[in-house]
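**Q** Encoded as structure tokens, here's the structure I'll be asking about.
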Amino acid sequence: MRASQRARGEDVDVVDALLSADERRRSSSVRFDELRSEQKSLGKLIPKATGDEKTALLKKAGELSAAVKAADAEQDEAAAEAQRLLLQIGNLVHPDVPVGGEDDFVVLETVGTPRDFAAEGFEPKDHLELGQTLGAIDVERGAKVSGSRFYYLTGIGALLELALVNAAIAQATAAGFTPMLTPALVKPRAMEGTGFLGQAAQDVYHLDNDDLYLVGTSEVPLAAYHMDEILESAQLPLRYAGFSPCFRREAGTYGKDTRGIFRVHQFDKVEMFSYIAPEDADAEHARLLEWEKQWLTSLELPFQVIDTATGDLGSSASRKFDCEAWIPTQGKYRELTSTSNCNEFQARRLSVRMRDGKNVRPVATLNGTLCAVPRTIVAILENHQQADGTVRVPEALRPFLGGREILEPLAK
């Protein structure tokens with residue numbers, strides 16, 4: 001656990017503090033049991049005693065009662081402290097994850113080849129310019145109504161989102177996922193249990209009057225869906241495809257990706273989520289990655305797959321693969337999808353267990369983005385633009401866009 005914390009760049013001392021608190025919890029628990037046993041034995045003697053002996057026993061009983069209460073309080077306090085510290089510790093990092101920060105990822109695979117726009121004889125426009133020409137994106141009115149990093153999808157932009165969502169759900173359903181429309185507001189335990197109130201807390205919106213949180217991903221309500229339940233092993237794997245709005249403060253990103261809709265406070269997303277036996281988690285992680293690759297390939301986007309480094313993992317992930325699409329006007333690959341293996345980390349916190357014969361044990365949970373809508377629109381517009389200002393619709397998306405093959409600029 002210390003090595004895992006160190007690899008993440010997180011506080012290692014919290015592990016020793018946790019061990020100390022747990023030792024206090026166990027020793028005070030033993031002390032409490034011993035005092036309670038003595039108290040019960042004494043209780044049997046008092047009715048039989050008389051005179052000075054009874055007076056002495058009653059005095060002793062009073063002292064024992066105070067000691068029992070003190071030991072009980074100490075036990076509760078130590079248990080609460082141990083739990084508080086435990087929630088500060090991230091999941092154990094998978095041994096194969098590259099060690100380092102955000103830029104220390106390992107490229108596992110590159111799929112497709114970025115277009116050579118210079119060879120085609122024109123300079124590519126960025127997604128915002130294209131979106132405005134197509135009448136698809138309105139960030140000015142988004143900012144007027146809601147502030148920076150908000151936007152409207154209008155006309156063909158709105159239709160493009162609906163097409164992407166329906167196409168993603170169709171792929172997920174064909175792969176055996178159960179489609180889900182999930183709550184956007186959750187209780188603190190759901191947010192905490194999935195690991196989003198630790199290092200990610202600064203990005204979470206909280207409604208003080210209701211003590212509810214706006215989710216940043218449907219991973220949260222999907223992970224909490226079977227909270228406090230015991231699943232039969234024969235039911236597994238359970239796979240859900242959740243569609244939901246997502247809300248993120250994007251704290252700490254001042255000045256980053258401020259143009260257009262690449263990094264925003266509110267967006268819609270289709271998320272894959274799996275409950276599975278822990279021993280099958282690595283294989284399921286590979287399957288989720290394959291489904292993401294299938295999706296991006298169907299959209300005819302060039303992309304690379306990376307093994308994310310330890311310092312760039314979310315607290316609940318033991319390993320994370322990202323698919324990064326090529327963004328022509330940025331001249332680099334940017335994250336479009338991500339899939340994380342959380343092993344039993346979330347299930348332990350949320351008490352999601354499986355019955356395996358006579359044994360009951362935590363399940364493993366995994367999540368994977370299928371379609372984060374705004375970034376996918378960015379990639380489609382920029383990669384499929386043509387010299388005349390039109391945008392070619394990927395063949396797989398056409399049935400969901402009324403058969404459209406081309407997105408046309410609005411008439412001036």
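Residues in the structure tokens are numbered from 1 in each chain, the chains being A, B, ... in the order shown, and ligands are numbered from 1 in the order shown.
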Excluding Ser4 of chain A and residues on its chain fewer than 4 positions from it, collect all residues at most 7 Å away from it, counting only C-alpha atoms, and give them as a short mmCIF file (atom, residue, chain, number, x, y, z; two decimals) with N, CA, C and O atoms, in the first residue's frame.
**A**
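Here's the written file around_5.cif:
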data_model
loop_
_atom_site.label_atom_id
_atom_site.label_comp_id
_atom_site.auth_asym_id
_atom_site.auth_seq_id
_atom_site.Cartn_x
_atom_site.Cartn_y
_atom_site.Cartn_z
N ARG A 8 1.65 6.76 -6.92
CA ARG A 8 0.62 7.72 -7.29
C ARG A 8 1.04 9.17 -7.03
O ARG A 8 0.37 10.10 -7.47
N LEU A 92 -5.03 0.05 -4.91
CA LEU A 92 -3.68 -0.46 -5.16
C LEU A 92 -3.40 -0.45 -6.66
O LEU A 92 -4.19 -0.99 -7.44
N VAL A 93 -2.30 0.14 -7.04
CA VAL A 93 -1.95 0.26 -8.45
C VAL A 93 -1.56 -1.11 -9.02
O VAL A 93 -0.83 -1.87 -8.39
#
**Q** I'd like the neighbourhood of Val363 of chain A as a PyMOL selection string, where a residue qualifies if any of its atoms comes within 7 Å (using only C-alpha atoms), though same-chain residues fewer than 5 positions away should be ignored.
**A** chain A and resi 275-278+344+347+352-354
**Q** Restricting it to N, CA and C atoms, dump the selection as a short mmCIF file (atom, residue, chain, number, x, y, z; two decimals), in the first residue's frame.
**A**
data_model
loop_
_atom_site.label_atom_id
_atom_site.label_comp_id
_atom_site.auth_asym_id
_atom_site.auth_seq_id
_atom_site.Cartn_x
_atom_site.Cartn_y
_atom_site.Cartn_z
N TYR A 275 -20.05 -5.29 -13.53
CA TYR A 275 -19.84 -6.00 -12.26
C TYR A 275 -19.39 -7.41 -12.64
N ILE A 276 -18.28 -7.86 -12.05
CA ILE A 276 -17.73 -9.14 -12.47
C ILE A 276 -16.94 -9.76 -11.32
N ALA A 277 -16.71 -11.07 -11.38
CA ALA A 277 -15.87 -11.73 -10.37
C ALA A 277 -14.45 -11.17 -10.45
N PRO A 278 -13.81 -10.89 -9.31
CA PRO A 278 -12.49 -10.25 -9.32
C PRO A 278 -11.46 -10.95 -10.19
N GLU A 344 -11.87 -4.54 -6.53
CA GLU A 344 -12.91 -4.55 -5.48
C GLU A 344 -13.02 -3.22 -4.72
N ALA A 347 -16.52 -1.67 -4.74
CA ALA A 347 -17.48 -2.64 -4.19
C ALA A 347 -17.34 -2.76 -2.68
N VAL A 352 -21.03 -4.04 -2.23
CA VAL A 352 -21.60 -4.84 -3.32
C VAL A 352 -20.83 -6.16 -3.34
N ARG A 353 -21.53 -7.24 -3.01
CA ARG A 353 -20.86 -8.53 -2.85
C ARG A 353 -21.48 -9.59 -3.76
N MET A 354 -20.76 -10.70 -3.89
CA MET A 354 -21.25 -11.84 -4.66
C MET A 354 -21.22 -13.09 -3.79
#
**Q** Give me the residues near Asp208 of chain A as a PyMOL selection string, where near means some atom within 12 Å (using only C-alpha atoms) and where sequence neighbours in that chain fewer than 6 positions away do not count.
**A** chain A and resi 187-188+214
**Q** Restrict the selected residues to C-alpha atoms and save them as a PDB file, in the first residue's frame.
**A**
ATOM      1  CA  LYS A 187     -26.280  10.966  -2.036  1.00  0.00           C
ATOM      2  CA  PRO A 188     -22.856  11.488  -0.443  1.00  0.00           C
ATOM      3  CA  LEU A 214     -24.263  16.321  -9.324  1.00  0.00           C
TER       4      LEU A 214
END
**Q** Considering only C-alpha atoms, return as a list in words whatever protein or nucleic-acid residues lie within 8 Å of segment 230-242 of chain A, sequence-local ones (same chain, fewer than 4 positions apart) excluded.
**A**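 Answer for this query is Ile169, Ala172, Thr173, Gly176, Phe177, Thr178, Pro179, Met180, Leu181, Thr182, Ser218, Glu219, Leu222, Lys269, Val270, Glu271, Met272, Phe273, Ser274, Tyr275, Ile276, Ala277, Val352, Arg353, Met354, Arg355, Asp356 and Val360 of chain A.
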**Q** With N, CA, C and O atoms retained, write the just-selected residues as a short mmCIF file (atom, residue, chain, number, x, y, z; two decimals), in the first residue's frame.
**A**
data_model
loop_
_atom_site.label_atom_id
_atom_site.label_comp_id
_atom_site.auth_asym_id
_atom_site.auth_seq_id
_atom_site.Cartn_x
_atom_site.Cartn_y
_atom_site.Cartn_z
N ILE A 169 -25.51 3.55 -27.88
CA ILE A 169 -26.40 2.64 -27.15
C ILE A 169 -26.69 1.39 -27.98
O ILE A 169 -26.76 0.27 -27.45
N ALA A 172 -23.66 -0.83 -27.67
CA ALA A 172 -23.60 -1.42 -26.32
C ALA A 172 -24.67 -2.50 -26.15
O ALA A 172 -24.40 -3.57 -25.58
N THR A 173 -25.86 -2.25 -26.63
CA THR A 173 -26.94 -3.22 -26.50
C THR A 173 -26.61 -4.49 -27.28
O THR A 173 -26.83 -5.61 -26.79
N GLY A 176 -24.49 -6.77 -25.40
CA GLY A 176 -25.05 -7.40 -24.21
C GLY A 176 -25.22 -6.50 -23.01
O GLY A 176 -25.56 -6.96 -21.92
N PHE A 177 -25.01 -5.19 -23.18
CA PHE A 177 -25.21 -4.25 -22.08
C PHE A 177 -26.69 -3.91 -21.94
O PHE A 177 -27.42 -3.82 -22.93
N THR A 178 -27.12 -3.69 -20.71
CA THR A 178 -28.48 -3.22 -20.44
C THR A 178 -28.48 -1.70 -20.46
O THR A 178 -27.77 -1.08 -19.66
N PRO A 179 -29.25 -1.06 -21.34
CA PRO A 179 -29.29 0.41 -21.37
C PRO A 179 -29.90 0.96 -20.08
O PRO A 179 -30.87 0.40 -19.56
N MET A 180 -29.34 2.05 -19.58
CA MET A 180 -29.81 2.65 -18.33
C MET A 180 -29.84 4.17 -18.47
O MET A 180 -28.89 4.77 -18.99
N LEU A 181 -30.92 4.79 -17.99
CA LEU A 181 -30.96 6.24 -17.80
C LEU A 181 -30.86 6.46 -16.31
O LEU A 181 -31.72 6.01 -15.54
N THR A 182 -29.80 7.14 -15.87
CA THR A 182 -29.45 7.17 -14.45
C THR A 182 -29.73 8.53 -13.82
O THR A 182 -29.77 9.55 -14.51
N SER A 218 -21.94 8.84 -15.23
CA SER A 218 -22.95 7.88 -14.75
C SER A 218 -22.30 6.67 -14.10
O SER A 218 -22.98 5.81 -13.55
N GLU A 219 -20.97 6.60 -14.11
CA GLU A 219 -20.26 5.58 -13.33
C GLU A 219 -20.73 5.59 -11.88
O GLU A 219 -20.86 4.53 -11.25
N LEU A 222 -24.27 4.10 -11.47
CA LEU A 222 -24.20 2.70 -11.88
C LEU A 222 -23.45 1.86 -10.85
O LEU A 222 -23.84 0.72 -10.56
N LYS A 269 -23.02 11.81 -21.85
CA LYS A 269 -22.07 10.71 -22.06
C LYS A 269 -22.78 9.37 -21.97
O LYS A 269 -23.70 9.18 -21.17
N VAL A 270 -22.32 8.42 -22.79
CA VAL A 270 -22.72 7.01 -22.67
C VAL A 270 -21.55 6.28 -22.03
O VAL A 270 -20.43 6.32 -22.54
N GLU A 271 -21.82 5.63 -20.90
CA GLU A 271 -20.78 4.98 -20.09
C GLU A 271 -21.08 3.50 -19.95
O GLU A 271 -22.20 3.10 -19.64
N MET A 272 -20.07 2.67 -20.17
CA MET A 272 -20.19 1.23 -19.92
C MET A 272 -19.75 0.93 -18.49
O MET A 272 -18.80 1.53 -17.99
N PHE A 273 -20.45 -0.01 -17.85
CA PHE A 273 -20.10 -0.37 -16.47
C PHE A 273 -20.32 -1.86 -16.28
O PHE A 273 -21.36 -2.39 -16.68
N SER A 274 -19.34 -2.51 -15.63
CA SER A 274 -19.40 -3.96 -15.44
C SER A 274 -19.22 -4.34 -13.97
O SER A 274 -18.37 -3.78 -13.28
N TYR A 275 -20.05 -5.29 -13.53
CA TYR A 275 -19.84 -6.00 -12.26
C TYR A 275 -19.39 -7.41 -12.64
O TYR A 275 -20.06 -8.09 -13.43
N ILE A 276 -18.28 -7.86 -12.05
CA ILE A 276 -17.73 -9.14 -12.47
C ILE A 276 -16.94 -9.76 -11.32
O ILE A 276 -16.54 -9.07 -10.38
N ALA A 277 -16.71 -11.07 -11.38
CA ALA A 277 -15.87 -11.73 -10.37
C ALA A 277 -14.45 -11.17 -10.45
O ALA A 277 -13.93 -10.95 -11.56
N VAL A 352 -21.03 -4.04 -2.23
CA VAL A 352 -21.60 -4.84 -3.32
C VAL A 352 -20.83 -6.16 -3.34
O VAL A 352 -19.63 -6.18 -3.61
N ARG A 353 -21.53 -7.24 -3.01
CA ARG A 353 -20.86 -8.53 -2.85
C ARG A 353 -21.48 -9.59 -3.76
O ARG A 353 -22.56 -9.40 -4.30
N MET A 354 -20.76 -10.70 -3.89
CA MET A 354 -21.25 -11.84 -4.66
C MET A 354 -21.22 -13.09 -3.79
O MET A 354 -20.34 -13.26 -2.95
N ARG A 355 -22.24 -13.92 -3.98
CA ARG A 355 -22.27 -15.21 -3.27
C ARG A 355 -21.71 -16.26 -4.20
O ARG A 355 -22.25 -16.53 -5.27
N ASP A 356 -20.62 -16.85 -3.78
CA ASP A 356 -19.92 -17.86 -4.58
C ASP A 356 -19.89 -19.15 -3.76
O ASP A 356 -18.99 -19.35 -2.95
N VAL A 360 -19.13 -15.35 0.58
CA VAL A 360 -19.61 -14.04 0.13
C VAL A 360 -18.42 -13.10 0.11
O VAL A 360 -17.70 -12.97 1.11
#
**Q** Using only C-alpha atoms, what does the table of segment 245-313 of chain A residues within 10 Å of segment 126-142 of chain A look like, with each row giving the shortest atom pair and its distance in Å to one decimal, sorted by chain and ascending number, as a Markdown table?
**A**
| residue | atom | partner | partner_atom | distance |
| --- | --- | --- | --- | --- |
| A:Arg259 | CA | A:Leu128 | CA | 7.5 |
| A:Gly260 | CA | A:Leu128 | CA | 5.2 |
| A:Ile261 | CA | A:Leu128 | CA | 7.6 |
| A:Phe262 | CA | A:His127 | CA | 9.1 |
**Q** Can you spit out the residues from that selection as a CSV table (one decimal), in the first residue's frame, using N, CA and C atoms?
**A**
chain,number,residue,atom,x,y,z
A,259,ARG,N,-11.3,27.4,-25.8
A,259,ARG,CA,-12.0,27.6,-27.1
A,259,ARG,C,-12.9,26.4,-27.4
A,260,GLY,N,-14.2,26.7,-27.7
A,260,GLY,CA,-15.0,25.7,-28.2
A,260,GLY,C,-15.6,24.8,-27.1
A,261,ILE,N,-15.8,23.5,-27.4
A,261,ILE,CA,-16.5,22.6,-26.5
A,261,ILE,C,-15.7,21.4,-26.1
A,262,PHE,N,-14.4,21.5,-26.1
A,262,PHE,CA,-13.5,20.3,-25.7
A,262,PHE,C,-13.6,20.1,-24.2
**Q** Could you pull out all residues of segment 148-365 of chain A with a DSSP call of helix (DSSP H, G or I) and give them as a ChimeraX atom specification?
**A** /A:156-174,188-193,201-203,219-224,233-235,278-298,310-312,345-350
**Q** When you look at Leu296 of chain A with a cut-off of 9 Å (counting only C-alpha atoms), what residues show up, excluding the ones that are within fewer than 3 positions of it in the same chain? I need them as a list of chain:residue names.
**A**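 The neighbour list is A:Trp291, A:Glu292, A:Lys293, A:Leu299, A:Glu300, A:Leu301, A:Pro302, A:Phe303, A:Cys323, A:Ala325, A:Leu336, A:Thr337, A:Leu370, A:Cys371, A:Thr376.
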**Q** As an exercise, work out the distance from atom CA of Phe400 of chain A to atom CA of Glu161 of chain A in Å and give it to one decimal place.
**A**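 Atom CA of Glu161 of chain A lies at a distance of 10.1 Å from atom CA of Phe400 of chain A.
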**Q** Would you mind telling me which residue in A:Glu335, A:Glu53, A:Glu10, A:Asp76 lies nearest to Arg24 of chain A when using only C-alpha atoms?
**A**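 Of A:Glu335, A:Glu53, A:Glu10, A:Asp76, the one nearest Arg24 of chain A, counting only C-alpha atoms, is A:Asp76.
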**Q** Which residues are close to Thr390 of chain A, i.e. within 7 Å by only C-alpha atoms, leaving aside same-chain residues fewer than 4 positions away? Reply as number ranges by chain.
**A** A: 385-386, 406-409
**Q** With N, CA, C and O atoms retained, could you export that selection as a PDB file, in the first residue's frame?
**A**
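Result file part.pdb:
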ATOM      1  N   GLN A 385     -13.782  17.029 -42.012  1.00  0.00           N
ATOM      2  CA  GLN A 385     -14.076  18.258 -42.769  1.00  0.00           C
ATOM      3  C   GLN A 385     -13.512  18.164 -44.186  1.00  0.00           C
ATOM      4  O   GLN A 385     -12.555  17.428 -44.447  1.00  0.00           O
ATOM      5  N   GLN A 386     -14.141  18.928 -45.091  1.00  0.00           N
ATOM      6  CA  GLN A 386     -13.698  18.963 -46.480  1.00  0.00           C
ATOM      7  C   GLN A 386     -13.392  20.402 -46.891  1.00  0.00           C
ATOM      8  O   GLN A 386     -13.775  21.349 -46.199  1.00  0.00           O
ATOM      9  N   ILE A 406     -23.505  14.114 -45.763  1.00  0.00           N
ATOM     10  CA  ILE A 406     -22.721  15.349 -45.651  1.00  0.00           C
ATOM     11  C   ILE A 406     -23.444  16.341 -44.746  1.00  0.00           C
ATOM     12  O   ILE A 406     -24.669  16.466 -44.804  1.00  0.00           O
ATOM     13  N   LEU A 407     -22.697  17.034 -43.897  1.00  0.00           N
ATOM     14  CA  LEU A 407     -23.237  18.160 -43.142  1.00  0.00           C
ATOM     15  C   LEU A 407     -22.885  19.428 -43.895  1.00  0.00           C
ATOM     16  O   LEU A 407     -21.712  19.706 -44.183  1.00  0.00           O
ATOM     17  N   GLU A 408     -23.903  20.198 -44.232  1.00  0.00           N
ATOM     18  CA  GLU A 408     -23.738  21.391 -45.087  1.00  0.00           C
ATOM     19  C   GLU A 408     -23.730  22.667 -44.241  1.00  0.00           C
ATOM     20  O   GLU A 408     -24.501  22.796 -43.299  1.00  0.00           O
ATOM     21  N   PRO A 409     -22.864  23.632 -44.611  1.00  0.00           N
ATOM     22  CA  PRO A 409     -22.907  24.948 -43.954  1.00  0.00           C
ATOM     23  C   PRO A 409     -24.264  25.605 -44.171  1.00  0.00           C
ATOM     24  O   PRO A 409     -24.926  25.362 -45.195  1.00  0.00           O
TER      25      PRO A 409
END
**Q** Which residues come within 12 Å of Leu87 of chain A, counting only C-alpha atoms, excluding same-chain residues fewer than 2 positions away, as a PDB file with N, CA and C atoms, in the first residue's frame?
**A**
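Listing of selection_4.pdb after writing:
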ATOM      1  N   VAL A  14      -0.065   8.469   5.415  1.00  0.00           N
ATOM      2  CA  VAL A  14      -1.439   8.134   5.767  1.00  0.00           C
ATOM      3  C   VAL A  14      -1.598   6.629   5.999  1.00  0.00           C
ATOM      4  N   VAL A  15      -0.740   5.820   5.365  1.00  0.00           N
ATOM      5  CA  VAL A  15      -0.789   4.364   5.562  1.00  0.00           C
ATOM      6  C   VAL A  15      -0.407   4.021   7.003  1.00  0.00           C
ATOM      7  N   LEU A  18      -3.094   5.061   9.347  1.00  0.00           N
ATOM      8  CA  LEU A  18      -4.189   4.095   9.299  1.00  0.00           C
ATOM      9  C   LEU A  18      -3.871   2.867  10.150  1.00  0.00           C
ATOM     10  N   ALA A  80     -13.729   5.189  13.647  1.00  0.00           N
ATOM     11  CA  ALA A  80     -14.073   6.311  12.767  1.00  0.00           C
ATOM     12  C   ALA A  80     -12.820   6.915  12.134  1.00  0.00           C
ATOM     13  N   GLU A  81     -11.752   7.036  12.927  1.00  0.00           N
ATOM     14  CA  GLU A  81     -10.500   7.575  12.421  1.00  0.00           C
ATOM     15  C   GLU A  81      -9.889   6.642  11.367  1.00  0.00           C
ATOM     16  N   ALA A  82      -9.949   5.333  11.629  1.00  0.00           N
ATOM     17  CA  ALA A  82      -9.425   4.362  10.667  1.00  0.00           C
ATOM     18  C   ALA A  82     -10.201   4.437   9.354  1.00  0.00           C
ATOM     19  N   GLN A  83     -11.522   4.562   9.448  1.00  0.00           N
ATOM     20  CA  GLN A  83     -12.346   4.647   8.241  1.00  0.00           C
ATOM     21  C   GLN A  83     -12.054   5.934   7.474  1.00  0.00           C
ATOM     22  N   ARG A  84     -11.892   7.040   8.201  1.00  0.00           N
ATOM     23  CA  ARG A  84     -11.588   8.320   7.556  1.00  0.00           C
ATOM     24  C   ARG A  84     -10.267   8.232   6.798  1.00  0.00           C
ATOM     25  N   LEU A  85      -9.268   7.621   7.414  1.00  0.00           N
ATOM     26  CA  LEU A  85      -7.961   7.492   6.773  1.00  0.00           C
ATOM     27  C   LEU A  85      -8.010   6.518   5.606  1.00  0.00           C
ATOM     28  N   ILE A  89      -6.986   6.734   0.977  1.00  0.00           N
ATOM     29  CA  ILE A  89      -5.999   5.920   0.273  1.00  0.00           C
ATOM     30  C   ILE A  89      -6.586   5.403  -1.036  1.00  0.00           C
ATOM     31  N   GLY A  90      -5.867   5.623  -2.132  1.00  0.00           N
ATOM     32  CA  GLY A  90      -6.323   5.167  -3.437  1.00  0.00           C
ATOM     33  C   GLY A  90      -6.219   3.660  -3.579  1.00  0.00           C
ATOM     34  N   ASN A  91      -6.823   3.156  -4.643  1.00  0.00           N
ATOM     35  CA  ASN A  91      -6.760   1.737  -4.959  1.00  0.00           C
ATOM     36  C   ASN A  91      -5.308   1.318  -5.177  1.00  0.00           C
ATOM     37  N   ARG A 189     -22.915   9.091   0.056  1.00  0.00           N
ATOM     38  CA  ARG A 189     -22.296   7.765   0.115  1.00  0.00           C
ATOM     39  C   ARG A 189     -21.984   7.217  -1.270  1.00  0.00           C
ATOM     40  N   MET A 191     -21.272   8.998  -3.959  1.00  0.00           N
ATOM     41  CA  MET A 191     -20.128   9.740  -4.493  1.00  0.00           C
ATOM     42  C   MET A 191     -18.834   9.320  -3.794  1.00  0.00           C
ATOM     43  N   GLU A 192     -18.894   9.187  -2.480  1.00  0.00           N
ATOM     44  CA  GLU A 192     -17.722   8.792  -1.704  1.00  0.00           C
ATOM     45  C   GLU A 192     -17.318   7.359  -2.023  1.00  0.00           C
ATOM     46  N   GLY A 193     -18.323   6.487  -2.137  1.00  0.00           N
ATOM     47  CA  GLY A 193     -18.050   5.067  -2.370  1.00  0.00           C
ATOM     48  C   GLY A 193     -17.364   4.796  -3.686  1.00  0.00           C
ATOM     49  N   THR A 194     -17.635   5.616  -4.680  1.00  0.00           N
ATOM     50  CA  THR A 194     -17.002   5.421  -5.981  1.00  0.00           C
ATOM     51  C   THR A 194     -15.638   6.088  -6.067  1.00  0.00           C
ATOM     52  N   GLY A 195     -15.280   6.889  -5.052  1.00  0.00           N
ATOM     53  CA  GLY A 195     -13.944   7.477  -5.000  1.00  0.00           C
ATOM     54  C   GLY A 195     -13.852   8.887  -5.535  1.00  0.00           C
ATOM     55  N   PHE A 196     -14.984   9.599  -5.612  1.00  0.00           N
ATOM     56  CA  PHE A 196     -14.975  10.935  -6.199  1.00  0.00           C
ATOM     57  C   PHE A 196     -14.984  12.066  -5.170  1.00  0.00           C
ATOM     58  N   LEU A 197     -14.850  11.729  -3.884  1.00  0.00           N
ATOM     59  CA  LEU A 197     -14.769  12.793  -2.881  1.00  0.00           C
ATOM     60  C   LEU A 197     -13.381  12.885  -2.274  1.00  0.00           C
ATOM     61  N   GLY A 198     -12.409  12.243  -2.917  1.00  0.00           N
ATOM     62  CA  GLY A 198     -11.025  12.357  -2.479  1.00  0.00           C
ATOM     63  C   GLY A 198     -10.325  13.382  -3.331  1.00  0.00           C
ATOM     64  N   GLN A 199      -9.398  12.901  -4.176  1.00  0.00           N
ATOM     65  CA  GLN A 199      -8.611  13.803  -5.023  1.00  0.00           C
ATOM     66  C   GLN A 199      -9.472  14.549  -6.041  1.00  0.00           C
ATOM     67  N   SER A 315      -8.410   7.888  -8.132  1.00  0.00           N
ATOM     68  CA  SER A 315      -8.149   7.151  -6.885  1.00  0.00           C
ATOM     69  C   SER A 315      -8.740   5.751  -6.901  1.00  0.00           C
ATOM     70  N   SER A 316      -9.822   5.536  -7.646  1.00  0.00           N
ATOM     71  CA  SER A 316     -10.475   4.223  -7.625  1.00  0.00           C
ATOM     72  C   SER A 316      -9.891   3.245  -8.635  1.00  0.00           C
ATOM     73  N   PHE A 345     -12.246  -2.226  -5.139  1.00  0.00           N
ATOM     74  CA  PHE A 345     -12.143  -0.960  -4.409  1.00  0.00           C
ATOM     75  C   PHE A 345     -13.507  -0.311  -4.171  1.00  0.00           C
ATOM     76  N   GLN A 346     -14.278  -0.087  -5.229  1.00  0.00           N
ATOM     77  CA  GLN A 346     -15.590   0.553  -5.085  1.00  0.00           C
ATOM     78  C   GLN A 346     -16.581  -0.377  -4.400  1.00  0.00           C
ATOM     79  N   ARG A 348     -16.124  -2.692  -2.162  1.00  0.00           N
ATOM     80  CA  ARG A 348     -15.939  -2.750  -0.699  1.00  0.00           C
ATOM     81  C   ARG A 348     -16.588  -1.541  -0.031  1.00  0.00           C
ATOM     82  N   ARG A 349     -16.384  -0.371  -0.617  1.00  0.00           N
ATOM     83  CA  ARG A 349     -16.935   0.854  -0.032  1.00  0.00           C
ATOM     84  C   ARG A 349     -18.459   0.877  -0.108  1.00  0.00           C
ATOM     85  N   LEU A 350     -19.001   0.330  -1.197  1.00  0.00           N
ATOM     86  CA  LEU A 350     -20.450   0.370  -1.416  1.00  0.00           C
ATOM     87  C   LEU A 350     -21.145  -0.914  -0.972  1.00  0.00           C
TER      88      LEU A 350
END
**Q** What is the atom CA of Ala387 of chain A to atom CA of Lys125 of chain A distance in Å?
**A** 9.4 Å
**Q** Once DSSP has gone over the backbone, tell me which residues of segment 203-404 of chain A are in strand (DSSP E), as a PyMOL selection string.
**A** chain A and resi 205-207+212-214+229-232+238-247+266-276+303-307+319-327+332-341+352-356+359-362+364-372+391-392
